[in-house]
Structures are given as structure tokens and as C-alpha cells.
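Here's the structure we're looking at; comments come further down.
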Amino acid sequence: MLKTQVIKLKVNQTMQTHLDELCDYRRYCWNKGLETWQAMYEAHTLNSEDNPSPNERRVRNELVANKEDWQYGLSARCLQLAVKDLAQAWKNFFDQAQPDWGMPQFKPKKAPRQGFKTDRAKIVNGKLRIDKPRNITKDAWFDLGSYETLKMAEVKVVSIFKENDTYYAALPYEEKIEAKTKTQRKTAVDVNVGHFNYLGGQINILPARLQKLYQRIKHYQRVLAHKQVVNGKQAAQGNNYIKTRAKLQRDYRKIANVQNDLLQKFTTKLVDNYDQIIIEDLAVKEMMMSHVASKGMQRSLFSKFRQILTYKCEWYDKRLLLAPKIYPSTQRCAQCGSVKQGEEKINLQGNQKHGTKHNEYVCYECGYVNDRDENAVLNLLALVK
């Protein structure tokens, strides 16, 4: 089974400069390749006889033929792998079943995450050694240490990325995974803003400690916005601005670590205790009706939960089922099967006609009363055969 170990790298000032250059070069190659791909496609639509359709080989050859002098001082594999990923992105664009389906976009310089790939890295004495450009001497090129022990002796394609002024490396490796013991049990997971419900109870995705961090982030953002209004473009050069931005990035990293820990433990608990798990196939982008609702959904990490649960079910030979998008798990009665229609429906404000709250489910056909989320779990569980 292919796994990935993400490590935090120990980077000195010299290597940080080189890695920053490679990140910029990767972004340049991607954007240049996307521009070339689009130009080839437009020419092909106008005259298909003289202009073949774009593909990975044609775009790569075009970029290599038009290389600038400064590009020869950087890794050639950076360009090759960028075009390869671009071709895969176009392939995914024609498959709408992809979770983050969409057309390839140009990568901005101010994106919070920058990175590059290489397939010529090596593990030497427990450290990561990436391929050295020709114009750099051996004395100015260093191996990259990490804060944890590496789980592999050799690597193929390595992804190095930068977040919050810190460099990380994603290292794939093969590991034999034993299937977990069969429990002959099944469960359903109903995802909501802030919490997930299942047969074993409820897990809070936005605990109180995260709410405090979000309040602190809101304060830091206001401070930075005020400094930009007062000082304009020169604000980013001030020491206080840099310190506040570092605090903001630190809190974002804390939130990401806490939520990742919650999701990893919850998904592991599911695959340990259940053989069949059913979740809703939600269209998250379509559900973001307002900035208030979208903020809560983004913080609840619906897509990441599904992604983690998917690969863990594959690892441990568990069955993951997806309920149809049109399945009315919230509106259906788990006891008699009747589905609320029109004014009987439950929405974010509850039911105004009968004066019930948004978390209450009352069936007006059979008199069944339950918590709305628990009722949804039972409805999802009814789909498991």
C-alpha cells in the first residue's frame, strides 16, 4: 500500500533561498504551460488541420524550445513535472466525478502554499538530498534534515512545499497493511456544521479551543487590515506587521493541526469498529448559500473527512457507501418513511408552520419524535443492505 509521510524540514538560509527560487520556477512553468496549452487549443479550434490538439508532449517541447537563459540554472525536472501535472489536471477536468472538479487555473504568487516536485531526490544518512542545479557548487548545496525519522530508504517523486514560512516534504513509500478484524457492524455518519453524528454518538469538529483561535485570528486580521489602510503598501515592511502576520499564520497552523488530529482519530475509530460505513454525497460548493454558511462548512472540513475516510476504508478492506445526493435523509421519517414536503420541511430556522426548532424532527404522520441529526443517521443506515 502506498502511503505518504509529511515531514517538516530543517532549512538553513542558503537552502531557503534556493528552495524559494524553485517554488517560483515551478509556478512559472505551470502558468507558462497553461498559457501555451490554451493557445494551442484556440489555434486547433480555428484550424484543426494545421494545428494539432495540445497534449503533454507538445506543450513540454514548446516550453523547452523557448527556454530563457536564466532557466538553465534551475532544475529541468521542475518544468517536466509541472507540465505532467498540468496534463493530469486537464484530464481530471473532463471527469466531473472528481471531488475538486474544475478547470486548471493560473497559480498566483500570493497563494498561501507554494511548492515544487522532483523525481531525483535521494535519502542520504537520514537526510533528504534533492538534485543540485549545474551552476551551484557543492559547498553551497546542503542536505535537508527533518524533525522526525524517515520511514523509507529511497524515494521516487518528492513534493516540497512551503506554508507559513516553513518548508515541508511529502515522501511516498510502500507499506504492508494488514486488514482489520471484521466486526459485522455497520454505521452511518451525518455531517453537520460543527459536528458529525453516527451510531456511537457525536464528535465535535469545532471545539471551544478552536473558537478561541478563530477569535484571535479575527483580531489579527483586523490589525493587519488597519495597518494596510494607514500605511498602504509600506505596511508589509514594518516589524510590527511582520510579527502580527507570523502570529496569524501560527494560529492557522494550530487550527489545521487540531482538526486534522480530530478527523484522523474519528476515521480510525470508524474503520476499527464498523465494516460498512455510509455517508452523504454532498455537493458542498452548491450548499454555500451565504458567506456565513460557507464559513461554517469550510471550517467543518466535509471534503477532507470524506477523503480521509475513503483511503482508510481502502487500506483496511472496509466498505464505504455514498448516499445519493437527492436522498432526503433530513426530511424523511426513520419510522414510517414519510417525507416532508412544502411547508412541512425542516430548514435552518426549523419549521415556522409548526413552531419546531431546526434540530427537532417531528413526524406529523405517525407522531415520531427524535433529534433531527439522529433521525438522519437512521435514514442513512436504512440504505445499507
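Note on naming: chains are A, B, ... as they come in the C-alpha cells, residues start from 1 per chain, ligands start from 1 in the order shown.
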Based on the backbone DSSP call, show me all residues of stretch 102-327 of chain A assigned strand (DSSP E or B), as number ranges by chain. A: 113-118, 122-124, 127-129, 144-146, 158-163, 166-174, 186-192, 195-198, 201-204, 276-280, 319-323
Please produce a file of those selected residues containing C-alpha atoms, as a PDB file, in the first residue's frame.
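Result written to out_21.pdb:
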ATOM      1  CA  ARG A 113       1.037  27.404  -0.347  1.00  0.00           C
ATOM      2  CA  GLN A 114       3.922  27.268  -2.811  1.00  0.00           C
ATOM      3  CA  GLY A 115       5.926  24.225  -3.811  1.00  0.00           C
ATOM      4  CA  PHE A 116       7.630  22.097  -6.440  1.00  0.00           C
ATOM      5  CA  LYS A 117       8.301  18.445  -7.286  1.00  0.00           C
ATOM      6  CA  THR A 118      11.380  16.450  -8.116  1.00  0.00           C
ATOM      7  CA  LYS A 122      17.739  10.681  -2.519  1.00  0.00           C
ATOM      8  CA  ILE A 123      17.877   9.672   1.124  1.00  0.00           C
ATOM      9  CA  VAL A 124      21.452  10.057   2.347  1.00  0.00           C
ATOM     10  CA  LYS A 127      18.523  13.340   5.220  1.00  0.00           C
ATOM     11  CA  LEU A 128      16.809  14.404   2.007  1.00  0.00           C
ATOM     12  CA  ARG A 129      19.113  15.347  -0.874  1.00  0.00           C
ATOM     13  CA  LEU A 144      17.739  18.740   4.192  1.00  0.00           C
ATOM     14  CA  GLY A 145      17.270  17.314   7.654  1.00  0.00           C
ATOM     15  CA  SER A 146      13.922  16.664   9.312  1.00  0.00           C
ATOM     16  CA  VAL A 158       9.059  14.149  -3.747  1.00  0.00           C
ATOM     17  CA  SER A 159       6.789  17.145  -3.215  1.00  0.00           C
ATOM     18  CA  ILE A 160       8.352  20.038  -1.310  1.00  0.00           C
ATOM     19  CA  PHE A 161       6.034  22.863  -0.299  1.00  0.00           C
ATOM     20  CA  LYS A 162       6.098  25.989   1.809  1.00  0.00           C
ATOM     21  CA  GLU A 163       3.380  27.058   4.240  1.00  0.00           C
ATOM     22  CA  THR A 166       8.048  26.695   6.868  1.00  0.00           C
ATOM     23  CA  TYR A 167       9.123  24.015   4.407  1.00  0.00           C
ATOM     24  CA  TYR A 168       7.659  20.502   4.353  1.00  0.00           C
ATOM     25  CA  ALA A 169       8.291  17.432   2.198  1.00  0.00           C
ATOM     26  CA  ALA A 170       5.774  14.764   1.199  1.00  0.00           C
ATOM     27  CA  LEU A 171       7.602  11.453   0.772  1.00  0.00           C
ATOM     28  CA  PRO A 172       5.707   8.443  -0.672  1.00  0.00           C
ATOM     29  CA  TYR A 173       6.633   4.952   0.467  1.00  0.00           C
ATOM     30  CA  GLU A 174       5.283   1.405   0.338  1.00  0.00           C
ATOM     31  CA  LYS A 186     -22.480  -1.008  10.152  1.00  0.00           C
ATOM     32  CA  THR A 187     -22.963   2.700  10.800  1.00  0.00           C
ATOM     33  CA  ALA A 188     -23.911   5.946   9.104  1.00  0.00           C
ATOM     34  CA  VAL A 189     -22.348   9.386   9.506  1.00  0.00           C
ATOM     35  CA  ASP A 190     -24.425  12.546   9.186  1.00  0.00           C
ATOM     36  CA  VAL A 191     -22.139  15.550   8.707  1.00  0.00           C
ATOM     37  CA  ASN A 192     -23.252  18.932  10.027  1.00  0.00           C
ATOM     38  CA  HIS A 195     -20.282  18.248  14.456  1.00  0.00           C
ATOM     39  CA  PHE A 196     -20.681  14.775  12.965  1.00  0.00           C
ATOM     40  CA  ASN A 197     -23.311  12.292  14.154  1.00  0.00           C
ATOM     41  CA  TYR A 198     -23.083   8.490  13.958  1.00  0.00           C
ATOM     42  CA  GLY A 201     -22.742   9.387  19.356  1.00  0.00           C
ATOM     43  CA  GLN A 202     -21.397  12.720  18.189  1.00  0.00           C
ATOM     44  CA  ILE A 203     -17.980  14.254  17.529  1.00  0.00           C
ATOM     45  CA  ASN A 204     -17.414  17.992  17.790  1.00  0.00           C
ATOM     46  CA  GLN A 276     -19.822  -0.827   6.439  1.00  0.00           C
ATOM     47  CA  ILE A 277     -19.976   2.960   6.631  1.00  0.00           C
ATOM     48  CA  ILE A 278     -22.372   5.172   4.706  1.00  0.00           C
ATOM     49  CA  ILE A 279     -22.074   8.946   4.303  1.00  0.00           C
ATOM     50  CA  GLU A 280     -23.849  11.557   2.245  1.00  0.00           C
ATOM     51  CA  ARG A 319     -16.869  -0.804   2.636  1.00  0.00           C
ATOM     52  CA  LEU A 320     -17.702   2.890   2.169  1.00  0.00           C
ATOM     53  CA  LEU A 321     -21.103   3.742   0.691  1.00  0.00           C
ATOM     54  CA  LEU A 322     -22.352   7.079  -0.619  1.00  0.00           C
ATOM     55  CA  ALA A 323     -25.990   8.052  -0.264  1.00  0.00           C
TER      56      ALA A 323
END
Provide the atom CA of A:Val271 to atom CA of A:Leu199 distance in Å, to one decimal place. 13.4 Å
Find the residues around stretch 332-341 of chain A up to 7 Å (only C-alpha atoms counted), leave out those fewer than 6 positions away in its own chain, and share them as a PyMOL selection string. chain A and resi 363+366+368+375+378-379
Would you output that residue set with all heavy atoms, as a PDB file, in the first residue's frame?
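New file out.pdb:
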ATOM      1  N   CYS A 363     -42.608  13.882  13.132  1.00  0.00           N
ATOM      2  CA  CYS A 363     -43.373  13.349  12.004  1.00  0.00           C
ATOM      3  C   CYS A 363     -44.861  13.561  12.279  1.00  0.00           C
ATOM      4  O   CYS A 363     -45.387  13.094  13.298  1.00  0.00           O
ATOM      5  CB  CYS A 363     -43.079  11.856  11.812  1.00  0.00           C
ATOM      6  SG  CYS A 363     -44.008  11.103  10.453  1.00  0.00           S
ATOM      7  N   CYS A 366     -47.025   9.846  11.775  1.00  0.00           N
ATOM      8  CA  CYS A 366     -47.085   8.780  12.782  1.00  0.00           C
ATOM      9  C   CYS A 366     -46.785   9.270  14.190  1.00  0.00           C
ATOM     10  O   CYS A 366     -46.857   8.487  15.146  1.00  0.00           O
ATOM     11  CB  CYS A 366     -46.120   7.654  12.407  1.00  0.00           C
ATOM     12  SG  CYS A 366     -44.377   8.137  12.471  1.00  0.00           S
ATOM     13  N   TYR A 368     -43.830  10.326  15.321  1.00  0.00           N
ATOM     14  CA  TYR A 368     -42.446  10.006  15.711  1.00  0.00           C
ATOM     15  C   TYR A 368     -41.692  11.294  16.032  1.00  0.00           C
ATOM     16  O   TYR A 368     -41.747  12.278  15.279  1.00  0.00           O
ATOM     17  CB  TYR A 368     -41.777   9.247  14.577  1.00  0.00           C
ATOM     18  CG  TYR A 368     -40.310   8.963  14.770  1.00  0.00           C
ATOM     19  CD1 TYR A 368     -39.883   7.994  15.671  1.00  0.00           C
ATOM     20  CD2 TYR A 368     -39.351   9.647  14.033  1.00  0.00           C
ATOM     21  CE1 TYR A 368     -38.541   7.721  15.846  1.00  0.00           C
ATOM     22  CE2 TYR A 368     -38.008   9.378  14.187  1.00  0.00           C
ATOM     23  CZ  TYR A 368     -37.604   8.418  15.097  1.00  0.00           C
ATOM     24  OH  TYR A 368     -36.269   8.145  15.262  1.00  0.00           O
ATOM     25  N   ASN A 375     -32.150  11.252  13.539  1.00  0.00           N
ATOM     26  CA  ASN A 375     -33.099  10.738  12.558  1.00  0.00           C
ATOM     27  C   ASN A 375     -32.431  10.572  11.198  1.00  0.00           C
ATOM     28  O   ASN A 375     -32.667   9.590  10.481  1.00  0.00           O
ATOM     29  CB  ASN A 375     -34.297  11.684  12.449  1.00  0.00           C
ATOM     30  CG  ASN A 375     -35.310  11.234  11.415  1.00  0.00           C
ATOM     31  OD1 ASN A 375     -36.042  10.278  11.603  1.00  0.00           O
ATOM     32  ND2 ASN A 375     -35.341  11.947  10.283  1.00  0.00           N
ATOM     33  N   LEU A 378     -30.302   7.398  11.126  1.00  0.00           N
ATOM     34  CA  LEU A 378     -31.113   6.188  10.943  1.00  0.00           C
ATOM     35  C   LEU A 378     -31.587   6.058   9.504  1.00  0.00           C
ATOM     36  O   LEU A 378     -31.654   4.945   8.969  1.00  0.00           O
ATOM     37  CB  LEU A 378     -32.315   6.245  11.898  1.00  0.00           C
ATOM     38  CG  LEU A 378     -31.988   6.203  13.400  1.00  0.00           C
ATOM     39  CD1 LEU A 378     -33.252   6.341  14.217  1.00  0.00           C
ATOM     40  CD2 LEU A 378     -31.257   4.911  13.761  1.00  0.00           C
ATOM     41  N   ASN A 379     -31.907   7.177   8.866  1.00  0.00           N
ATOM     42  CA  ASN A 379     -32.327   7.122   7.458  1.00  0.00           C
ATOM     43  C   ASN A 379     -31.180   6.676   6.553  1.00  0.00           C
ATOM     44  O   ASN A 379     -31.384   5.915   5.596  1.00  0.00           O
ATOM     45  CB  ASN A 379     -32.853   8.484   7.018  1.00  0.00           C
ATOM     46  CG  ASN A 379     -34.237   8.781   7.554  1.00  0.00           C
ATOM     47  OD1 ASN A 379     -35.064   7.881   7.702  1.00  0.00           O
ATOM     48  ND2 ASN A 379     -34.493  10.045   7.874  1.00  0.00           N
TER      49      ASN A 379
END
Compare A:Asn125, A:Ile205, A:Asp373, A:Lys218 by their minimum atom-to-atom distance to A:Phe305, counting only C-alpha atoms, and give me the closest one.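 Distance minimum relative to A:Phe305 lands on A:Ile205.
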Counting only C-alpha atoms, which residue out of A:Asp131, A:Asp317, A:Glu154, A:Asp139 sits closest to A:Arg77?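 Smallest separation from A:Arg77 among the options: A:Asp131.
By chain and then residue number, the residues within 8 Å of A:Cys29 are Tyr25, Gly33, Cys78, Leu79, Ala82 and Val83 of chain A, counting only C-alpha atoms and disregarding those fewer than 4 positions away in sequence.
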Those selected residues, please, written with N, CA and C atoms and delivered as a compact mmCIF listing (two decimals), in the first residue's frame.
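The new file result29.txt reads:
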# COMPACT_ATOMS: atom_id res chain seq x y z
N TYR A 25 9.96 29.00 -9.76
CA TYR A 25 10.13 28.42 -11.09
C TYR A 25 9.02 27.43 -11.41
N GLY A 33 2.94 26.91 -19.05
CA GLY A 33 2.38 25.73 -19.70
C GLY A 33 0.88 25.87 -19.92
N CYS A 78 11.86 20.22 -12.81
CA CYS A 78 10.78 21.08 -12.31
C CYS A 78 9.81 21.41 -13.43
N LEU A 79 10.33 21.71 -14.60
CA LEU A 79 9.49 22.01 -15.77
C LEU A 79 8.77 20.75 -16.23
N ALA A 82 5.96 19.79 -13.86
CA ALA A 82 4.88 20.78 -13.87
C ALA A 82 3.96 20.54 -15.06
N VAL A 83 4.53 20.27 -16.22
CA VAL A 83 3.72 20.00 -17.42
C VAL A 83 2.97 18.68 -17.27
Extract, using only C-alpha atoms, all DNA, RNA and protein residues at most 6 Å from stretch 349-361 of chain A, discarding same-chain residues fewer than 2 positions from it, and format them as a PyMOL selection string. chain A and resi 346-347+369-372
